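Asker: Below: one structure in structure tokens.
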There are 4 protein chains.
Amino acid sequence: MINLFEKKIKEHEPLKDAVLIEGLPGIGHVGRIAAEHLIDEFNGEKVMEIYCSDFPPQVNVKPDGSVEFMSNDIYLIEEPIPMVIIVGNTQSLSPAGQYEVSKRLMELGIEYGATKTYTLGGLGIGQIPTEDLKVYVASTSAEIAEQHKEYGVEFRDDNGSILGAAGLMLMFSKLNNIEATCLMAETIGYVVDPKASTNVLNVLSKALGFEVDYRKLEQRALEVEKLLEKVQLTQEESELSNENDDLSYFG
Amino acid sequence: MINLFEKKIKEHEPLKDAVLIEGLPGIGHVGRIAAEHLIDEFNGEKVMEIYCSDFPPQVNVKPDGSVEFMSNDIYLIEEPIPMVIIVGNTQSLSPAGQYEVSKRLMELGIEYGATKTYTLGGLGIGQIPTEDLKVYVASTSAEIAEQHKEYGVEFRDDNGSILGAAGLMLMFSKLNNIEATCLMAETIGYVVDPKASTNVLNVLSKALGFEVDYRKLEQRALEVEKLLEKVQLTQEESELSNENDDLSYFG
Amino acid sequence: MINLFEKKIKEHEPLKDAVLIEGLPGIGHVGRIAAEHLIDEFNGEKVMEIYCSDFPPQVNVKPDGSVEFMSNDIYLIEEPIPMVIIVGNTQSLSPAGQYEVSKRLMELGIEYGATKTYTLGGLGIGQIPTEDLKVYVASTSAEIAEQHKEYGVEFRDDNGSILGAAGLMLMFSKLNNIEATCLMAETIGYVVDPKASTNVLNVLSKALGFEVDYRKLEQRALEVEKLLEKVQLTQEESELSNENDDLSYFG
Amino acid sequence: MINLFEKKIKEHEPLKDAVLIEGLPGIGHVGRIAAEHLIDEFNGEKVMEIYCSDFPPQVNVKPDGSVEFMSNDIYLIEEPIPMVIIVGNTQSLSPAGQYEVSKRLMELGIEYGATKTYTLGGLGIGQIPTEDLKVYVASTSAEIAEQHKEYGVEFRDDNGSILGAAGLMLMFSKLNNIEATCLMAETIGYVVDPKASTNVLNVLSKALGFEVDYRKLEQRALEVEKLLEKVQLTQEESELSNENDDLSYFG
């Protein structure tokens, strides 16, 4: 049995006609970093923590000697537009947990005033990109997806899936008669990718009609780029050295 | 805990003395393609979608930018005979989910008027067949199974099992005092196999006394055959080339 | 969630002061064959089938075209002494299923009159035995275990465990204030072993004070012995041939 | 569904202002041995056994022919200070079981008078240590963690986690408004480590203000050290012999 434990952090009136934005951990942490950036830039206020018996059975240790629980958290933003942001340090481990948590998060989002949903995620391309990274869209209806084309997004033609909360919250939105859209930014896949988060926020902010200051994200993206250059160099060296190894092996 | 979410798509009176036909995804998608062909040919009407917290925690992306939920669906057909068709894009992931969903689908089938059950599936032979593919039968009673011999089916003597909904809906039929029969068509196992679906429908339609137009299935079967020929050629080339590799490796 | 489905096969008065005997499938099917032999010899009557959503999600196909459901079954025997026999073709797949089913089987056993429990199992030795196979005992109390020494059983000193129903029904007996004993017969481990079943029944019948006709078991044991001799021969040949292979490989 | 079965072993009044101390099995059995030593030295009295359908589905066989059930046990100590000790021979197997059991153990601890929590564990270093083994601390608040620095503990800076009951009982303490601290002693990781248990008890006893007689633990630690020396010798020999093997292999 999946049990959810909810802890109210702060009383808060429901928002009016808010957008629910989901950014839980996933590929490249694209959605998580994007959602955390919104909370950071627009002074999001934490109103609830949700714990679940299907989250990893652990606590995380912080450098100051305190511990952090595994949780999904709800933040509210009032300006520039009302937003209910879902972030956290984990997703459920089993299918049943995924369904239960997404269903409950959607209910809570609606209680806090959400009338529209965006889920944010990454789409791993498995290599260091050689051209501009795209953002893909998928919605609960083809019409809604189509409307996003003017913001520079594309449709996927890979017969693929959207895994976890980013997918299931589309489903539970629809079952609650709320339109929902997933924005997926291409990303390498094996490193945290603030550049992809910028790409996804760029589309989101156009679609919702507000401005975002990307400077902090750009700073983080620069740091990651430097890191990747190093990794690439090391890999090339290592491949060279492997070639030598291979030669000597057969020589 | 396995949760089922049911969404009524259309109100519909129960059918009279209907046959429940299960064609959920399985080996070679034999049952699924057969059941979808019946829906297609006889204008089946979707009356219900069933979602389950034990289905894969994802949504599928369609080329038009919309998403498809993981579901098992109930269609009703009135002519040539009343049928309750169970299809879908998934089966449950865990044993408990398999039991819960099969049990519920059987209950719903009975509510929609089913008094007899057929489950359709494939039996993988693991290789490209060299002779005519057989259809096997297994029923909730030896007598019922025996009655199907006149339609060209055989009995299995492999001490084998019928996995998933195709097996469990026999059980839940019997527990509801309804006779049930599984038709299993031999199939390669690793490709979608419309030819096996034709074989299974051929037996089913004889047993139930109606005609099926197989032209669309035959068209799909031809396409798959061409694909298989290509695969076979590539494999033979690849084996030749592997032999060379092996020789060079030791040479 | 683990669900149990119970089907009463026949109404029957509870027995008086009966012994519950568990022989579900396990190592060498020692307990299962022993329990089935008792049912066979003493005309056990099936009174209930128990299905569980944690059993393998399948049905088994029989050569006569009918199917067999996965179940645990309760048989009653009145003479030579009252017995409640638990047999079946499966055990639960998950820990939770194991606990739920053992708990429920114990409750049902008590409802049918059990006041004492024996669980029967095998202890795999992983090789074809070179000396007489032993029978080990473990009970809910050291005193009860000690009382069995006069029937030729020994205590285990391997810090080992008793897995599945054979272990958990000891626990649920004790929690219901019923003494329980597990008899474990040494067995090769990878073949069905009617000889080990004879050994375990030999102890059980002495402890409970009745006679068993072992002729059918001895017949089956002879067949297995012949099979094993063949396997052994084949293995020896194969080892010889492997040696040659090895030599040629380095030669 | 996770089911808990609770068995009261002895009636006992709740303690006043007690410390809950968790020492369930984990890395190097550090916490378990430490907690059992407290029970041993201060005459802890067992008041409750908790069984769970998510524990391993087995019973353990003891050399006297009796069996031991898988359980988590609550002991009470009155002097030198009131303590509620949690020990046992297992932890839950699944995340849901971990959460359910930790939640329930915390509730029971509070019913028995706990107003503060310590969880004890090991931190595997993966090798035979070359210097003094440290003890690390993590608490439900940075302030509480800081207060422990005077007892010689350090903060972890590895971005790591605390798995199982030692982590989750911090969480369920906090959700019950009780401060909680985890003490983690460095340990080799693959052997039972009474020395690490001594280290952890050393900090605990200073923090709680009582004296512990470590002689029995020191005796056990000596035995383990001798064992490790033997293992180390054998490993060195084996590495030498492997080198030879390697040479002969290519020679």
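Ordered as shown in the structure tokens, chains take letters A, B, and onward, while each chain numbers its residues from 1 and ligands are numbered from 1 in the order shown.
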Looking only at the backbone, which of the residues in range 29-180 of chain C does DSSP tag as strand (DSSP E), as a ChimeraX atom specification?

Answerer: /C:45-52,58-61,67-69,72-77,83-88,114-124,135-139,161-163,180

Asker: Identify all chain B residues at most 6 Å from chain A by counting only C-alpha atoms; ligands do not count. Present them as an MDAnalysis selection string.

Answerer: chainID B and resid 1 53:54 57:61 63:67

Asker: Neighbouring residues of Ile50 in chain A were defined as those with any atom within 9 Å, considering only C-alpha atoms; residues of the same chain fewer than 6 positions away were excluded. Please report them as a PyMOL selection string.

Answerer: chain A and resi 4-8+70-74+101+105

Asker: Atoms to include: all heavy atoms. Write the selected residues as a CSV table (one decimal), in the first residue's frame.

Answerer:
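Okay, this is what ended up in again_9.csv:
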```
chain,number,residue,atom,x,y,z
A,4,LEU,N,0.6,8.3,1.6
A,4,LEU,CA,1.1,9.7,1.5
A,4,LEU,C,1.0,10.4,2.8
A,4,LEU,O,0.0,10.2,3.5
A,4,LEU,CB,0.3,10.4,0.4
A,4,LEU,CG,0.4,9.9,-1.0
A,4,LEU,CD1,-0.6,10.6,-1.9
A,4,LEU,CD2,1.8,10.1,-1.5
A,5,PHE,N,2.0,11.1,3.2
A,5,PHE,CA,2.0,11.9,4.4
A,5,PHE,C,2.1,13.3,4.0
A,5,PHE,O,3.1,13.7,3.4
A,5,PHE,CB,3.2,11.5,5.3
A,5,PHE,CG,3.4,10.1,5.5
A,5,PHE,CD1,4.4,9.4,4.7
A,5,PHE,CD2,2.7,9.3,6.4
A,5,PHE,CE1,4.6,8.0,4.8
A,5,PHE,CE2,2.9,7.9,6.5
A,5,PHE,CZ,3.9,7.3,5.7
A,6,GLU,N,1.2,14.2,4.4
A,6,GLU,CA,1.2,15.6,3.9
A,6,GLU,C,1.4,16.5,5.1
A,6,GLU,O,0.8,16.4,6.2
A,6,GLU,CB,-0.1,15.9,3.2
A,6,GLU,CG,-0.4,15.1,2.0
A,6,GLU,CD,-1.8,15.3,1.4
A,6,GLU,OE1,-2.5,16.2,1.8
A,6,GLU,OE2,-2.1,14.5,0.5
A,7,LYS,N,2.3,17.4,4.9
A,7,LYS,CA,2.6,18.4,6.0
A,7,LYS,C,2.4,19.8,5.5
A,7,LYS,O,3.2,20.2,4.6
A,7,LYS,CB,4.1,18.2,6.5
A,7,LYS,CG,4.4,19.0,7.7
A,7,LYS,CD,5.8,18.7,8.2
A,7,LYS,CE,6.2,19.7,9.3
A,7,LYS,NZ,7.7,19.6,9.5
A,8,LYS,N,1.5,20.5,6.1
A,8,LYS,CA,1.2,21.9,5.7
A,8,LYS,C,2.3,22.7,6.3
A,8,LYS,O,2.6,22.7,7.5
A,8,LYS,CB,-0.1,22.3,6.2
A,8,LYS,CG,-0.8,23.2,5.2
A,8,LYS,CD,-2.3,23.3,5.4
A,8,LYS,CE,-3.0,23.4,4.1
A,8,LYS,NZ,-4.5,23.2,4.2
A,70,MET,N,13.1,13.1,2.0
A,70,MET,CA,12.6,12.9,0.6
A,70,MET,C,11.2,13.4,0.5
A,70,MET,O,10.3,13.0,1.2
A,70,MET,CB,12.7,11.4,0.2
A,70,MET,CG,14.0,10.7,0.5
A,70,MET,SD,15.5,11.6,-0.1
A,70,MET,CE,15.3,11.3,-1.9
A,71,SER,N,11.0,14.4,-0.4
A,71,SER,CA,9.6,15.0,-0.5
A,71,SER,C,9.4,15.6,-1.8
A,71,SER,O,10.3,15.9,-2.6
A,71,SER,CB,9.5,16.0,0.6
A,71,SER,OG,10.3,17.2,0.3
A,72,ASN,N,8.1,15.8,-2.1
A,72,ASN,CA,7.6,16.6,-3.2
A,72,ASN,C,7.0,17.8,-2.5
A,72,ASN,O,6.2,17.7,-1.6
A,72,ASN,CB,6.6,15.9,-4.0
A,72,ASN,CG,7.3,14.8,-5.0
A,72,ASN,OD1,6.6,14.2,-5.8
A,72,ASN,ND2,8.6,14.6,-4.8
A,73,ASP,N,7.3,19.0,-3.0
A,73,ASP,CA,6.9,20.2,-2.3
A,73,ASP,C,6.1,21.1,-3.2
A,73,ASP,O,6.3,21.2,-4.4
A,73,ASP,CB,8.1,21.0,-1.9
A,73,ASP,CG,9.1,20.1,-1.1
A,73,ASP,OD1,8.7,19.3,-0.3
A,73,ASP,OD2,10.3,20.3,-1.4
A,74,ILE,N,5.1,21.8,-2.6
A,74,ILE,CA,4.3,22.7,-3.4
A,74,ILE,C,4.6,24.2,-3.0
A,74,ILE,O,4.6,24.5,-1.8
A,74,ILE,CB,2.8,22.5,-3.1
A,74,ILE,CG1,2.4,21.0,-3.5
A,74,ILE,CG2,1.9,23.5,-3.9
A,74,ILE,CD1,1.0,20.7,-3.3
A,101,VAL,N,1.0,9.4,-6.5
A,101,VAL,CA,1.5,10.7,-6.1
A,101,VAL,C,1.1,11.7,-7.2
A,101,VAL,O,0.6,12.8,-6.9
A,101,VAL,CB,3.1,10.7,-6.0
A,101,VAL,CG1,3.7,12.1,-5.9
A,101,VAL,CG2,3.5,9.8,-4.8
A,105,LEU,N,-1.0,15.0,-6.3
A,105,LEU,CA,-0.4,16.3,-6.6
A,105,LEU,C,-1.4,17.1,-7.4
A,105,LEU,O,-1.5,18.3,-7.3
A,105,LEU,CB,0.9,16.2,-7.3
A,105,LEU,CG,2.1,15.7,-6.4
A,105,LEU,CD1,3.3,15.5,-7.3
A,105,LEU,CD2,2.4,16.6,-5.3
```

Asker: Between B:Leu233, B:Ala196, B:Val191, B:Val212, single out the one closest to Gly31 in chain B, counting only C-alpha atoms.

Answerer: B:Ala196

Asker: Would you mind telling me which residue in C:Arg32, C:Lys230, C:Arg104, C:Arg215 lies nearest to Thr119 in chain C when using only C-alpha atoms?

Answerer: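 Looking only at the distances to Thr119 in chain C, the closest residue turns out to be C:Arg32.
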
Asker: At what distance in Å, to one decimal, does CA of Leu123 in chain B lie from CA of Val19 in chain B?

Answerer: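 Taking CA of Val19 in chain B as the start and CA of Leu123 in chain B as the end point, the length is 22.6 Å.
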
Asker: Pick out the residues sitting within 9 Å of Thr90 in chain A, and hand them over as a list in words; count only C-alpha atoms, and ignore anything fewer than 2 positions along from it in its own chain.

Answerer: Leu24, Pro25, Gly26, Phe55, Pro56, Met70, Ser71, Asn72, Val87, Gly88, Ser92 and Leu93 of chain A
